[in-house]
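Undergrad: Contents of input_0.pdb (PDB, C-alpha atoms):
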```
MODEL        1
ATOM      1  CA  ASP A   1       0.000   0.000   0.000
ATOM      2  CA  THR A   2       2.818   2.414   0.847
ATOM      3  CA  THR A   3       4.504   1.762  -2.502
ATOM      4  CA  GLU A   4       1.248   2.405  -4.368
ATOM      5  CA  LYS A   5       0.756   5.689  -2.496
ATOM      6  CA  ILE A   6       4.284   6.827  -3.347
ATOM      7  CA  ILE A   7       3.812   5.937  -7.028
ATOM      8  CA  SER A   8       0.413   7.696  -7.103
ATOM      9  CA  ALA A   9       1.861  10.811  -5.458
ATOM     10  CA  PHE A  10       4.744  10.791  -7.945
ATOM     11  CA  TYR A  11       2.382  10.827 -10.925
ATOM     12  CA  GLU A  12       0.242  13.557  -9.340
ATOM     13  CA  VAL A  13       3.353  15.728  -8.947
ATOM     14  CA  GLU A  14       4.347  15.026 -12.539
ATOM     15  CA  GLU A  15       0.870  16.050 -13.744
ATOM     16  CA  VAL A  16       1.023  19.319 -11.793
ATOM     17  CA  GLU A  17       4.466  20.161 -13.191
ATOM     18  CA  LEU A  18       3.271  19.368 -16.713
ATOM     19  CA  ALA A  19       0.180  21.541 -16.210
ATOM     20  CA  ILE A  20       2.371  24.446 -15.052
ATOM     21  CA  GLU A  21       4.606  24.138 -18.115
ATOM     22  CA  GLN A  22       1.616  23.916 -20.465
ATOM     23  CA  SER A  23      -0.040  26.963 -18.896
ATOM     24  CA  GLU A  24       3.143  29.001 -19.244
ATOM     25  CA  ALA A  25       3.442  28.004 -22.909
ATOM     26  CA  GLU A  26      -0.230  28.533 -23.813
ATOM     27  CA  ASP A  27      -0.637  31.878 -22.005
ATOM     28  CA  ASP A  28       2.932  33.120 -22.576
ATOM     29  CA  LEU A  29       3.553  33.386 -18.823
ATOM     30  CA  GLN A  30       6.789  33.392 -16.860
ATOM     31  CA  LEU A  31       5.961  32.266 -13.324
ATOM     32  CA  ASN A  32       8.474  32.821 -10.551
ATOM     33  CA  GLY A  33       9.343  30.303  -7.842
ATOM     34  CA  GLU A  34       6.821  31.730  -5.386
ATOM     35  CA  GLN A  35       4.001  31.457  -7.917
ATOM     36  CA  ARG A  36       4.975  27.885  -8.882
ATOM     37  CA  ASN A  37       5.039  26.818  -5.252
ATOM     38  CA  ALA A  38       1.618  28.362  -4.656
ATOM     39  CA  ILE A  39       0.195  26.300  -7.532
ATOM     40  CA  ARG A  40       1.860  23.118  -6.250
ATOM     41  CA  LEU A  41       0.449  23.697  -2.776
ATOM     42  CA  ALA A  42      -3.005  24.437  -4.165
ATOM     43  CA  ALA A  43      -2.986  21.256  -6.245
ATOM     44  CA  ARG A  44      -1.873  19.213  -3.240
ATOM     45  CA  HIS A  45      -4.772  20.479  -1.150
ATOM     46  CA  ALA A  46      -7.290  20.428  -4.018
ATOM     47  CA  PHE A  47      -7.974  24.151  -4.251
ATOM     48  CA  VAL A  48      -6.712  26.999  -6.378
ATOM     49  CA  CYS A  49      -4.763  29.863  -4.820
ATOM     50  CA  ILE A  50      -2.567  31.996  -7.069
ATOM     51  CA  THR A  51      -0.605  34.975  -5.742
ATOM     52  CA  GLY A  52       0.867  37.544  -8.094
ATOM     53  CA  GLY A  53       3.535  38.750  -5.664
ATOM     54  CA  ALA A  54       5.293  42.069  -6.220
ATOM     55  CA  GLY A  55       6.473  41.641  -9.819
ATOM     56  CA  VAL A  56       4.712  42.595 -13.029
ATOM     57  CA  VAL A  57       2.412  39.837 -14.307
ATOM     58  CA  ASP A  58       1.760  39.928 -18.073
ATOM     59  CA  VAL A  59      -1.091  37.707 -19.289
ATOM     60  CA  ASN A  60      -1.296  37.527 -23.081
ATOM     61  CA  GLY A  61      -4.771  36.046 -23.056
ATOM     62  CA  ASP A  62      -7.834  35.706 -20.829
ATOM     63  CA  VAL A  63      -8.028  35.706 -17.053
ATOM     64  CA  THR A  64     -10.842  33.424 -15.859
ATOM     65  CA  LEU A  65     -11.625  33.039 -12.164
ATOM     66  CA  SER A  66     -14.489  30.669 -11.336
ATOM     67  CA  SER A  67     -13.297  29.322  -7.957
ATOM     68  CA  GLY A  68     -10.431  29.607  -5.500
ATOM     69  CA  THR A  69      -8.474  32.814  -4.887
ATOM     70  CA  LEU A  70      -6.572  35.043  -7.280
ATOM     71  CA  THR A  71      -4.342  37.692  -5.710
ATOM     72  CA  ALA A  72      -3.113  40.195  -8.273
ATOM     73  CA  SER A  73       0.384  41.624  -8.354
ATOM     74  CA  SER A  74       0.981  44.470  -5.911
ATOM     75  CA  THR A  75       2.445  46.418  -8.851
ATOM     76  CA  THR A  76       0.871  45.722 -12.277
ATOM     77  CA  THR A  77      -1.123  42.873 -13.776
ATOM     78  CA  ARG A  78      -1.486  43.243 -17.563
ATOM     79  CA  VAL A  79      -4.297  41.430 -19.378
ATOM     80  CA  SER A  80      -4.677  41.394 -23.170
ATOM     81  CA  GLY A  81      -7.815  39.229 -23.232
ATOM     82  CA  ASN A  82     -11.031  39.068 -21.253
ATOM     83  CA  PHE A  83     -11.162  39.414 -17.476
ATOM     84  CA  ASN A  84     -13.914  37.095 -16.290
ATOM     85  CA  HIS A  85     -14.598  36.695 -12.570
ATOM     86  CA  SER A  86     -17.612  34.457 -12.080
ATOM     87  CA  GLY A  87     -16.710  32.776  -8.778
ATOM     88  CA  GLY A  88     -14.067  32.509  -6.088
ATOM     89  CA  THR A  89     -12.220  35.510  -4.669
ATOM     90  CA  PHE A  90     -10.280  38.254  -6.414
ATOM     91  CA  ASN A  91      -7.860  40.276  -4.284
ATOM     92  CA  HIS A  92      -6.548  43.451  -5.948
ATOM     93  CA  ASN A  93      -3.533  43.505  -3.573
ATOM     94  CA  SER A  94      -3.397  47.338  -3.845
ATOM     95  CA  GLY A  95      -2.018  46.944  -7.368
ATOM     96  CA  THR A  96      -2.948  48.051 -10.877
ATOM     97  CA  VAL A  97      -4.752  46.014 -13.516
ATOM     98  CA  GLU A  98      -3.930  47.174 -17.042
ATOM     99  CA  LEU A  99      -6.141  46.125 -19.959
ATOM    100  CA  ASP A 100      -3.817  46.359 -22.952
ATOM    101  CA  GLY A 101      -5.390  44.141 -25.594
ATOM    102  CA  PRO A 102      -5.366  45.185 -29.265
ATOM    103  CA  GLY A 103      -8.908  43.868 -29.774
ATOM    104  CA  ALA A 104     -12.205  43.618 -27.913
ATOM    105  CA  GLN A 105     -12.045  42.809 -24.199
ATOM    106  CA  SER A 106     -14.877  42.068 -21.778
ATOM    107  CA  LEU A 107     -14.624  42.956 -18.092
ATOM    108  CA  THR A 108     -16.583  40.999 -15.484
ATOM    109  CA  SER A 109     -15.778  42.055 -11.925
ATOM    110  CA  GLY A 110     -17.977  39.451 -10.274
ATOM    111  CA  GLY A 111     -18.693  41.876  -7.468
ATOM    112  CA  SER A 112     -15.041  42.304  -6.464
ATOM    113  CA  SER A 113     -13.368  45.697  -6.407
ATOM    114  CA  PHE A 114     -10.210  46.785  -8.198
ATOM    115  CA  ASN A 115      -7.593  49.174  -6.871
ATOM    116  CA  HIS A 116      -6.279  51.024  -9.956
ATOM    117  CA  LEU A 117      -7.507  50.159 -13.448
ATOM    118  CA  ILE A 118      -5.948  51.362 -16.724
ATOM    119  CA  HIS A 119      -7.037  50.867 -20.334
ATOM    120  CA  THR A 120      -4.184  51.295 -22.804
ATOM    121  CA  GLY A 121      -5.287  48.869 -25.533
ATOM    122  CA  ALA A 122      -6.527  49.903 -28.974
ATOM    123  CA  GLY A 123      -9.674  47.776 -28.737
ATOM    124  CA  THR A 124     -12.971  48.158 -26.892
ATOM    125  CA  VAL A 125     -13.444  47.212 -23.246
ATOM    126  CA  THR A 126     -17.056  46.329 -22.418
ATOM    127  CA  GLN A 127     -18.318  45.936 -18.872
ATOM    128  CA  THR A 128     -20.663  43.040 -18.177
ATOM    129  CA  ASP A 129     -21.479  44.129 -14.626
ATOM    130  CA  GLY A 130     -20.954  46.994 -12.212
ATOM    131  CA  LEU A 131     -17.429  48.259 -11.622
ATOM    132  CA  VAL A 132     -16.049  49.461  -8.269
ATOM    133  CA  LEU A 133     -12.555  50.906  -7.881
ATOM    134  CA  VAL A 134     -10.896  51.799  -4.597
ATOM    135  CA  GLY A 135      -8.284  53.889  -6.422
ATOM    136  CA  THR A 136      -8.212  55.456  -9.884
ATOM    137  CA  LEU A 137      -9.515  54.740 -13.375
ATOM    138  CA  THR A 138      -7.379  55.834 -16.337
ATOM    139  CA  HIS A 139      -8.589  55.620 -19.925
ATOM    140  CA  SER A 140      -5.800  56.292 -22.419
ATOM    141  CA  ALA A 141      -6.726  54.576 -25.697
ATOM    142  CA  GLY A 142      -9.384  52.628 -27.547
ATOM    143  CA  THR A 143     -13.003  52.642 -26.404
ATOM    144  CA  TRP A 144     -14.603  52.004 -23.039
ATOM    145  CA  SER A 145     -18.230  50.896 -22.958
ATOM    146  CA  THR A 146     -19.969  50.696 -19.589
ATOM    147  CA  GLY A 147     -22.643  48.402 -21.023
ATOM    148  CA  ASN A 148     -25.034  50.627 -19.033
ATOM    149  CA  PHE A 149     -23.586  49.232 -15.789
ATOM    150  CA  GLY A 150     -22.445  51.471 -12.963
ATOM    151  CA  VAL A 151     -18.909  52.813 -12.499
ATOM    152  CA  SER A 152     -17.788  53.851  -9.013
ATOM    153  CA  VAL A 153     -14.288  55.352  -8.766
ATOM    154  CA  GLY A 154     -12.984  55.915  -5.249
ATOM    155  CA  ASN A 155     -10.309  58.440  -6.213
ATOM    156  CA  ASP A 156      -9.683  60.096  -9.597
ATOM    157  CA  LEU A 157     -10.836  59.430 -13.153
ATOM    158  CA  PHE A 158      -8.230  60.346 -15.774
ATOM    159  CA  MET A 159      -9.337  60.699 -19.398
ATOM    160  CA  ASP A 160      -6.126  60.751 -21.469
ATOM    161  CA  GLY A 161      -7.327  59.500 -24.856
ATOM    162  CA  GLY A 162      -9.737  57.288 -26.742
ATOM    163  CA  THR A 163     -13.511  57.292 -26.224
ATOM    164  CA  PHE A 164     -15.540  56.647 -23.091
ATOM    165  CA  ASN A 165     -19.206  55.753 -23.648
ATOM    166  CA  SER A 166     -21.307  56.013 -20.496
ATOM    167  CA  GLY A 167     -24.653  54.912 -21.931
ATOM    168  CA  THR A 168     -27.249  55.157 -19.161
ATOM    169  CA  SER A 169     -24.817  54.320 -16.366
ATOM    170  CA  VAL A 170     -24.360  56.016 -13.038
ATOM    171  CA  VAL A 171     -20.726  57.172 -13.095
ATOM    172  CA  SER A 172     -19.456  58.340  -9.719
ATOM    173  CA  VAL A 173     -15.976  59.810  -9.126
ATOM    174  CA  GLY A 174     -14.989  60.204  -5.480
ATOM    175  CA  ASP A 175     -12.293  62.817  -6.017
ATOM    176  CA  ASP A 176     -11.430  64.594  -9.291
ATOM    177  CA  TYR A 177     -12.163  64.221 -12.999
ATOM    178  CA  THR A 178      -9.225  65.220 -15.217
ATOM    179  CA  GLN A 179      -9.373  65.213 -19.027
ATOM    180  CA  THR A 180      -6.458  66.035 -21.296
ATOM    181  CA  SER A 181      -7.546  64.254 -24.485
ATOM    182  CA  GLY A 182     -10.156  61.958 -25.997
ATOM    183  CA  ASP A 183     -13.954  61.997 -26.054
ATOM    184  CA  PHE A 184     -16.036  61.426 -22.943
ATOM    185  CA  ASN A 185     -19.714  60.787 -23.638
ATOM    186  CA  ALA A 186     -21.529  61.416 -20.374
ATOM    187  CA  PRO A 187     -24.604  59.411 -19.305
ATOM    188  CA  ASN A 188     -28.011  59.815 -20.851
ATOM    189  CA  ALA A 189     -31.363  59.855 -19.044
ATOM    190  CA  GLY A 190     -31.497  57.190 -16.361
ATOM    191  CA  GLY A 191     -27.829  57.699 -15.634
ATOM    192  CA  SER A 192     -25.749  60.464 -14.097
ATOM    193  CA  PHE A 193     -22.183  61.729 -13.734
ATOM    194  CA  THR A 194     -20.849  62.962 -10.395
ATOM    195  CA  THR A 195     -17.363  64.165  -9.534
ATOM    196  CA  GLY A 196     -15.470  66.435  -7.171
ATOM    197  CA  LEU A 197     -13.192  68.872  -8.984
ATOM    198  CA  TYR A 198     -13.695  68.995 -12.778
ATOM    199  CA  PHE A 199     -10.504  69.901 -14.651
ATOM    200  CA  GLN A 200     -10.355  69.765 -18.462
ATOM    201  CA  THR A 201      -7.489  71.011 -20.628
ATOM    202  CA  GLY A 202      -8.131  68.978 -23.774
ATOM    203  CA  GLY A 203     -10.481  66.575 -25.483
ATOM    204  CA  THR A 204     -14.269  66.776 -25.641
ATOM    205  CA  PHE A 205     -16.778  66.162 -22.861
ATOM    206  CA  VAL A 206     -20.248  65.635 -24.319
ATOM    207  CA  GLN A 207     -23.056  65.975 -21.830
ATOM    208  CA  GLY A 208     -25.900  63.537 -22.393
ATOM    209  CA  SER A 209     -29.464  63.815 -21.177
ATOM    210  CA  GLY A 210     -28.465  62.743 -17.660
ATOM    211  CA  LEU A 211     -27.587  64.966 -14.717
ATOM    212  CA  VAL A 212     -23.970  66.155 -14.317
ATOM    213  CA  THR A 213     -22.969  67.123 -10.775
ATOM    214  CA  VAL A 214     -19.639  68.765  -9.899
ATOM    215  CA  ASN A 215     -19.031  68.915  -6.148
ATOM    216  CA  GLY A 216     -16.162  71.358  -6.460
ATOM    217  CA  ALA A 217     -14.760  73.901  -8.900
ATOM    218  CA  MET A 218     -15.165  73.361 -12.652
ATOM    219  CA  PHE A 219     -12.315  74.338 -15.000
ATOM    220  CA  VAL A 220     -12.437  74.087 -18.805
ATOM    221  CA  GLN A 221      -9.188  75.470 -20.201
ATOM    222  CA  GLY A 222      -6.773  75.276 -23.130
ATOM    223  CA  ASN A 223      -8.085  72.982 -25.869
ATOM    224  CA  GLY A 224     -10.795  71.485 -23.693
ATOM    225  CA  ILE A 225     -14.330  71.443 -25.134
ATOM    226  CA  TYR A 226     -17.433  70.965 -22.986
ATOM    227  CA  THR A 227     -20.546  70.349 -25.068
ATOM    228  CA  GLY A 228     -23.675  70.920 -23.024
ATOM    229  CA  SER A 229     -27.217  69.698 -23.496
ATOM    230  CA  ALA A 230     -30.703  70.495 -22.224
ATOM    231  CA  ALA A 231     -29.938  68.493 -19.086
ATOM    232  CA  THR A 232     -28.851  70.095 -15.817
ATOM    233  CA  VAL A 233     -25.267  70.805 -14.767
ATOM    234  CA  ASP A 234     -25.090  71.274 -11.007
ATOM    235  CA  VAL A 235     -21.811  72.905  -9.915
ATOM    236  CA  ASN A 236     -21.385  73.075  -6.154
ATOM    237  CA  GLY A 237     -17.993  74.762  -6.055
TER     238      GLY A 237
ENDMDL
END
```
Can you dump the structure from the file as structure tokens?
TA:
Amino acid sequence: DTTEKIISAFYEVEEVELAIEQSEAEDDLQLNGEQRNAIRLAARHAFVCITGGAGVVDVNGDVTLSSGTLTASSTTTRVSGNFNHSGGTFNHNSGTVELDGPGAQSLTSGGSSFNHLIHTGAGTVTQTDGLVLVGTLTHSAGTWSTGNFGVSVGNDLFMDGGTFNSGTSVVSVGDDYTQTSGDFNAPNAGGSFTTGLYFQTGGTFVQGSGLVTVNGAMFVQGNGIYTGSAATVDVNG
């Protein structure tokens, strides 16, 4: 019996090592020793627990979390495919998730919050559920579509390029909205846009038919263009 157990354990270890190598090859990953050990431990105890550590994690494909725990890198986790969280636990680890895909990307938070989120890819990111950020949201390229789901940003929203389509979402910015480039299409009726300080030096902000509330001063300077509508702009600064 002891011999059989040793042989069985040996083949289980071999299968785990093979799975690690295949995952690295298929997803173009380079796991460090800490990450490999976490996977080995998870496999041994029949659960999934992956920790990103402090280094940059670059995923050239999809991230799918349906069970277990995924702890992102405390610096940057780059994803070029879809981010799909349908189960288990996602821990942002006070890091940044960067969506840098050249094509369409879907974003499913699964009810978990992000710390900082950046979109630098040329494609379109489409939300499939509500989005909550503890830190900042930066949109620098491509197109962002809320899918009419809510966007709650704890700190600042930076609009540095591309196009942001709010649809009928409720977009809430805890601190400041800063726009230097790009086109921001604010929410239509049924949605709203709320921020603290509003500071625009470039790009175009197009007000929809939803309410825009600025709980601070509002500055439109330089090459910034604010296009109003028949809807209300409430400036409390």
Undergrad: Measure the distance from CA of Glu34 (chain A) to CA of Leu18 (chain A) in Å and round it to one decimal.
TA: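 Interatomic distance, CA of Glu34 (chain A) to CA of Leu18 (chain A): 17.1 Å.
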Undergrad: To one decimal in Å, tell me the separation between CA of Thr77 (chain A) and CA of Gly154 (chain A).
TA: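 Between these atoms lies a distance of 19.6 Å.
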Undergrad: Select, counting only C-alpha atoms, all protein, DNA and RNA residues no farther than 12 Å from (-10.8, 70.7, -23.6) in file coordinates, and express the selection as a list in words.
TA: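 Output: Met159, Asp160, Gly161, Thr178, Gln179, Thr180, Ser181, Gly182, Asp183, Phe184, Tyr198, Phe199, Gln200, Thr201, Gly202, Gly203, Thr204, Phe205, Val206, Phe219, Val220, Gln221, Gly222, Asn223, Gly224, Ile225, Tyr226 and Thr227 of chain A.
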Undergrad: Generate a file of the selected residues that holds C-alpha atoms, formatted as a CSV table (one decimal), in the coordinates of the input.
TA:
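That gives us part_15.csv:
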```csv
chain,number,residue,atom,x,y,z
A,159,MET,CA,-9.3,60.7,-19.4
A,160,ASP,CA,-6.1,60.8,-21.5
A,161,GLY,CA,-7.3,59.5,-24.9
A,178,THR,CA,-9.2,65.2,-15.2
A,179,GLN,CA,-9.4,65.2,-19.0
A,180,THR,CA,-6.5,66.0,-21.3
A,181,SER,CA,-7.5,64.3,-24.5
A,182,GLY,CA,-10.2,62.0,-26.0
A,183,ASP,CA,-14.0,62.0,-26.1
A,184,PHE,CA,-16.0,61.4,-22.9
A,198,TYR,CA,-13.7,69.0,-12.8
A,199,PHE,CA,-10.5,69.9,-14.7
A,200,GLN,CA,-10.4,69.8,-18.5
A,201,THR,CA,-7.5,71.0,-20.6
A,202,GLY,CA,-8.1,69.0,-23.8
A,203,GLY,CA,-10.5,66.6,-25.5
A,204,THR,CA,-14.3,66.8,-25.6
A,205,PHE,CA,-16.8,66.2,-22.9
A,206,VAL,CA,-20.2,65.6,-24.3
A,219,PHE,CA,-12.3,74.3,-15.0
A,220,VAL,CA,-12.4,74.1,-18.8
A,221,GLN,CA,-9.2,75.5,-20.2
A,222,GLY,CA,-6.8,75.3,-23.1
A,223,ASN,CA,-8.1,73.0,-25.9
A,224,GLY,CA,-10.8,71.5,-23.7
A,225,ILE,CA,-14.3,71.4,-25.1
A,226,TYR,CA,-17.4,71.0,-23.0
A,227,THR,CA,-20.5,70.3,-25.1
```
Undergrad: Please identify every residue of region 136-221 of chain A that has at least one atom no farther than 12 Å from an atom of region 88-111 of chain A, counting all atoms listed in the file, and for each give the shortest atom pair and the distance in Å to one decimal, arranged by chain then increasing number, as a Markdown table.
TA:
```
| residue | atom | partner | partner_atom | distance |
| --- | --- | --- | --- | --- |
| A:Thr136 | CA | A:Thr96 | CA | 9.1 |
| A:Leu137 | CA | A:Thr96 | CA | 9.7 |
| A:Thr138 | CA | A:Glu98 | CA | 9.3 |
| A:His139 | CA | A:Leu99 | CA | 9.8 |
| A:Ser140 | CA | A:Asp100 | CA | 10.1 |
| A:Ala141 | CA | A:Asp100 | CA | 9.1 |
| A:Gly142 | CA | A:Pro102 | CA | 8.6 |
| A:Thr143 | CA | A:Ala104 | CA | 9.2 |
| A:Trp144 | CA | A:Gln105 | CA | 9.6 |
| A:Ser145 | CA | A:Ser106 | CA | 9.5 |
| A:Thr146 | CA | A:Leu107 | CA | 9.5 |
| A:Gly147 | CA | A:Ser106 | CA | 10.0 |
| A:Phe149 | CA | A:Thr108 | CA | 10.8 |
| A:Gly150 | CA | A:Ser109 | CA | 11.6 |
| A:Val151 | CA | A:Ser109 | CA | 11.2 |
```
Undergrad: Write to file, as a PDB file, in the coordinates of the input, the residues of the selection just made, with C-alpha atoms.
TA:
```
ATOM      1  CA  THR A 136      -8.212  55.456  -9.884  1.00  0.00           C
ATOM      2  CA  LEU A 137      -9.515  54.740 -13.375  1.00  0.00           C
ATOM      3  CA  THR A 138      -7.379  55.834 -16.337  1.00  0.00           C
ATOM      4  CA  HIS A 139      -8.589  55.620 -19.925  1.00  0.00           C
ATOM      5  CA  SER A 140      -5.800  56.292 -22.419  1.00  0.00           C
ATOM      6  CA  ALA A 141      -6.726  54.576 -25.697  1.00  0.00           C
ATOM      7  CA  GLY A 142      -9.384  52.628 -27.547  1.00  0.00           C
ATOM      8  CA  THR A 143     -13.003  52.642 -26.404  1.00  0.00           C
ATOM      9  CA  TRP A 144     -14.603  52.004 -23.039  1.00  0.00           C
ATOM     10  CA  SER A 145     -18.230  50.896 -22.958  1.00  0.00           C
ATOM     11  CA  THR A 146     -19.969  50.696 -19.589  1.00  0.00           C
ATOM     12  CA  GLY A 147     -22.643  48.402 -21.023  1.00  0.00           C
ATOM     13  CA  PHE A 149     -23.586  49.232 -15.789  1.00  0.00           C
ATOM     14  CA  GLY A 150     -22.445  51.471 -12.963  1.00  0.00           C
ATOM     15  CA  VAL A 151     -18.909  52.813 -12.499  1.00  0.00           C
TER      16      VAL A 151
END
```
Undergrad: When the PyMOL selection byres ((chain A and resi 186) around 10) is applied to the file above, which residues end up in the set, as a list in words?
TA: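 That selection, the PyMOL selection byres ((chain A and resi 186) around 10), comes back as Phe164, Asn165, Ser166, Gly167, Thr168, Ser169, Val170, Val171, Asp183, Phe184, Asn185, Pro187, Asn188, Gly191, Ser192, Phe193, Phe205, Val206, Gln207, Gly208, Ser209, Gly210, Leu211 and Val212 of chain A.
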Undergrad: Which residues would end up in the selection if the PyMOL selection byres ((chain A and resi 59) around 8) were applied here, given that I need the answer as JSON, numbers by chain?
TA: {"A": [27, 28, 29, 57, 58, 60, 61, 62, 63, 77, 78, 79, 80, 81]}
